[in-house]
Amino acid sequence: MSRPFSTENVFRALGHRTRRRIMESLRKRQQFAGELLNDADLRAPTLSAHLRVLRQCGLVICRRRGTRLEYQLNSTALRLAHNWLATFKPDATKRSAT
């Protein structure tokens with residue numbers, strides 16, 4: 001299993017267009033797997049594989065609601081990626097150079 005919240009794993013997961021589409025769908029609201037299946041226009045095994053990658057790197061949290069699985073974005077992992085990217089802002093590099 002991958003190390004959660006690793007910057008490398010987060011960016012690797014975000015590198016796939018289908019996973020970004022899934023995250024865009026989850027940005028609107030948390031959803032059950034069946035709802036994501038309809039939104040993403042994927043087959044169940046394909047969606048399951050992409051959701052597994054998103055869960056393993058920490059971008060998505062999964063909760064069981066009865067017999068169904070509900071997914072939502074994990075802001076902690078998103079913040080990790082954002083903070084790393086923010087170090088490349090022009091004003092951030094000037095401050096670190098002085």
# chains A, B, ... in the order shown; residues from 1 in each chain; ligands from 1
>>> residues_around(residues="range 54-65 of chain A", least_positions_apart="3", cutoff="9 Å", atoms="only C-alpha atoms", output="list in words")
Met1, Ser2, Arg3, Pro4, Phe5, Ser6, Thr7, Asn9, Val10, Ala13, Leu14, Arg19, Met23, Leu26, Phe32, Ala49, His50, Leu51, Arg68, Leu69, Glu70, Tyr71, Gln72, Leu73, Asn74, Ser75, Thr76, Ala77 and Leu78 of chain A
>>> select_by_dssp(residues="chain A", states="helix (DSSP H, G or I)", output="PyMOL selection string")
chain A and resi 7-14+17-28+33-40+44-56+75-86+90-97
>>> atom_distance(atom1="CA of Leu36 in chain A", atom2="CA of Ile22 in chain A")
7.1 Å
>>> atom_distance(atom1="CA of Glu8 in chain A", atom2="CA of Ala81 in chain A")
9.1 Å
>>> residues_around(residues="Arg21 in chain A", least_positions_apart="4", cutoff="9 Å", atoms="only C-alpha atoms", output="JSON, numbers by chain")
{"A": [16, 17, 25, 26, 39, 40]}
>>> closest_residue(among="A:Arg52, A:Phe11, A:Thr18, A:Arg27", to="Trp84 in chain A", atoms="only C-alpha atoms")
A:Phe11
>>> select_by_dssp(residues="range 53-90 of chain A", states="strand (DSSP E or B)", output="ChimeraX atom specification")
/A:60-65,68-73
>>> decode(residues="chain A", atoms="C-alpha atoms", output="short mmCIF file (atom, residue, chain, number, x, y, z; two decimals), in the first residue's frame")
data_model
loop_
_atom_site.label_atom_id
_atom_site.label_comp_id
_atom_site.auth_asym_id
_atom_site.auth_seq_id
_atom_site.Cartn_x
_atom_site.Cartn_y
_atom_site.Cartn_z
CA MET A 1 0.00 0.00 0.00
CA SER A 2 1.21 3.51 -0.80
CA ARG A 3 2.36 5.94 1.83
CA PRO A 4 -0.56 8.36 2.40
CA PHE A 5 -0.07 12.10 1.97
CA SER A 6 3.16 11.67 0.05
CA THR A 7 3.51 14.58 -2.39
CA GLU A 8 4.78 12.22 -5.08
CA ASN A 9 1.76 9.90 -4.76
CA VAL A 10 -0.68 12.81 -4.72
CA PHE A 11 0.72 14.27 -7.94
CA ARG A 12 0.90 10.84 -9.58
CA ALA A 13 -2.79 10.33 -8.80
CA LEU A 14 -3.67 13.80 -10.09
CA GLY A 15 -1.79 13.10 -13.30
CA HIS A 16 -4.60 10.92 -14.65
CA ARG A 17 -7.46 12.75 -16.37
CA THR A 18 -10.13 10.29 -15.18
CA ARG A 19 -9.10 10.71 -11.54
CA ARG A 20 -9.22 14.50 -11.94
CA ARG A 21 -12.76 14.14 -13.34
CA ILE A 22 -13.75 12.03 -10.34
CA MET A 23 -12.34 14.69 -8.01
CA GLU A 24 -14.18 17.43 -9.88
CA SER A 25 -17.38 15.50 -9.35
CA LEU A 26 -16.61 15.07 -5.64
CA ARG A 27 -15.82 18.78 -5.33
CA LYS A 28 -19.55 19.47 -5.76
CA ARG A 29 -20.59 17.07 -2.99
CA GLN A 30 -19.81 13.73 -1.42
CA GLN A 31 -21.25 10.89 -3.47
CA PHE A 32 -21.91 7.20 -3.42
CA ALA A 33 -19.94 4.99 -5.79
CA GLY A 34 -23.01 4.45 -7.97
CA GLU A 35 -23.47 8.19 -8.41
CA LEU A 36 -19.83 8.55 -9.39
CA LEU A 37 -20.25 5.72 -11.86
CA ASN A 38 -22.99 7.66 -13.65
CA ASP A 39 -21.07 10.96 -13.56
CA ALA A 40 -17.78 9.53 -14.78
CA ASP A 41 -19.34 7.31 -17.48
CA LEU A 42 -17.05 4.42 -16.52
CA ARG A 43 -17.45 0.72 -15.91
CA ALA A 44 -17.50 -0.33 -12.24
CA PRO A 45 -14.10 -2.09 -12.19
CA THR A 46 -12.41 0.94 -13.81
CA LEU A 47 -14.01 3.36 -11.37
CA SER A 48 -13.05 1.11 -8.48
CA ALA A 49 -9.40 1.07 -9.57
CA HIS A 50 -9.26 4.86 -9.84
CA LEU A 51 -10.97 5.32 -6.47
CA ARG A 52 -8.47 2.92 -4.89
CA VAL A 53 -5.57 5.07 -6.13
CA LEU A 54 -7.25 8.24 -4.83
CA ARG A 55 -7.90 6.60 -1.44
CA GLN A 56 -4.38 5.18 -1.10
CA CYS A 57 -2.72 8.55 -1.60
CA GLY A 58 -5.22 10.22 0.72
CA LEU A 59 -7.04 12.46 -1.76
CA VAL A 60 -10.38 10.72 -1.15
CA ILE A 61 -12.01 9.39 2.00
CA CYS A 62 -14.47 6.50 1.83
CA ARG A 63 -17.21 5.76 4.37
CA ARG A 64 -19.58 2.82 4.45
CA ARG A 65 -23.26 3.84 4.63
CA GLY A 66 -25.19 0.61 5.02
CA THR A 67 -24.29 -1.46 1.98
CA ARG A 68 -23.02 1.50 -0.06
CA LEU A 69 -19.72 3.36 -0.10
CA GLU A 70 -19.73 7.15 0.08
CA TYR A 71 -16.73 9.15 -1.13
CA GLN A 72 -15.58 12.67 -0.35
CA LEU A 73 -12.47 14.76 -0.95
CA ASN A 74 -9.83 14.93 1.77
CA SER A 75 -8.77 18.55 2.18
CA THR A 76 -5.62 17.59 4.12
CA ALA A 77 -4.02 15.87 1.12
CA LEU A 78 -5.13 18.66 -1.20
CA ARG A 79 -3.56 21.21 1.13
CA LEU A 80 -0.28 19.27 1.03
CA ALA A 81 -0.13 19.55 -2.75
CA HIS A 82 -1.17 23.20 -2.68
CA ASN A 83 1.46 24.12 -0.08
CA TRP A 84 4.20 22.43 -2.09
CA LEU A 85 3.17 24.25 -5.27
CA ALA A 86 3.01 27.55 -3.38
CA THR A 87 6.76 27.34 -2.74
CA PHE A 88 7.25 28.07 -6.45
CA LYS A 89 5.46 31.43 -6.44
CA PRO A 90 7.83 34.18 -7.54
CA ASP A 91 7.47 36.10 -4.26
CA ALA A 92 8.09 32.93 -2.20
CA THR A 93 11.40 32.25 -3.97
CA LYS A 94 12.58 35.83 -3.38
CA ARG A 95 11.89 35.55 0.34
CA SER A 96 13.72 32.24 0.67
CA ALA A 97 16.77 33.57 -1.20
CA THR A 98 17.36 36.42 1.27
#
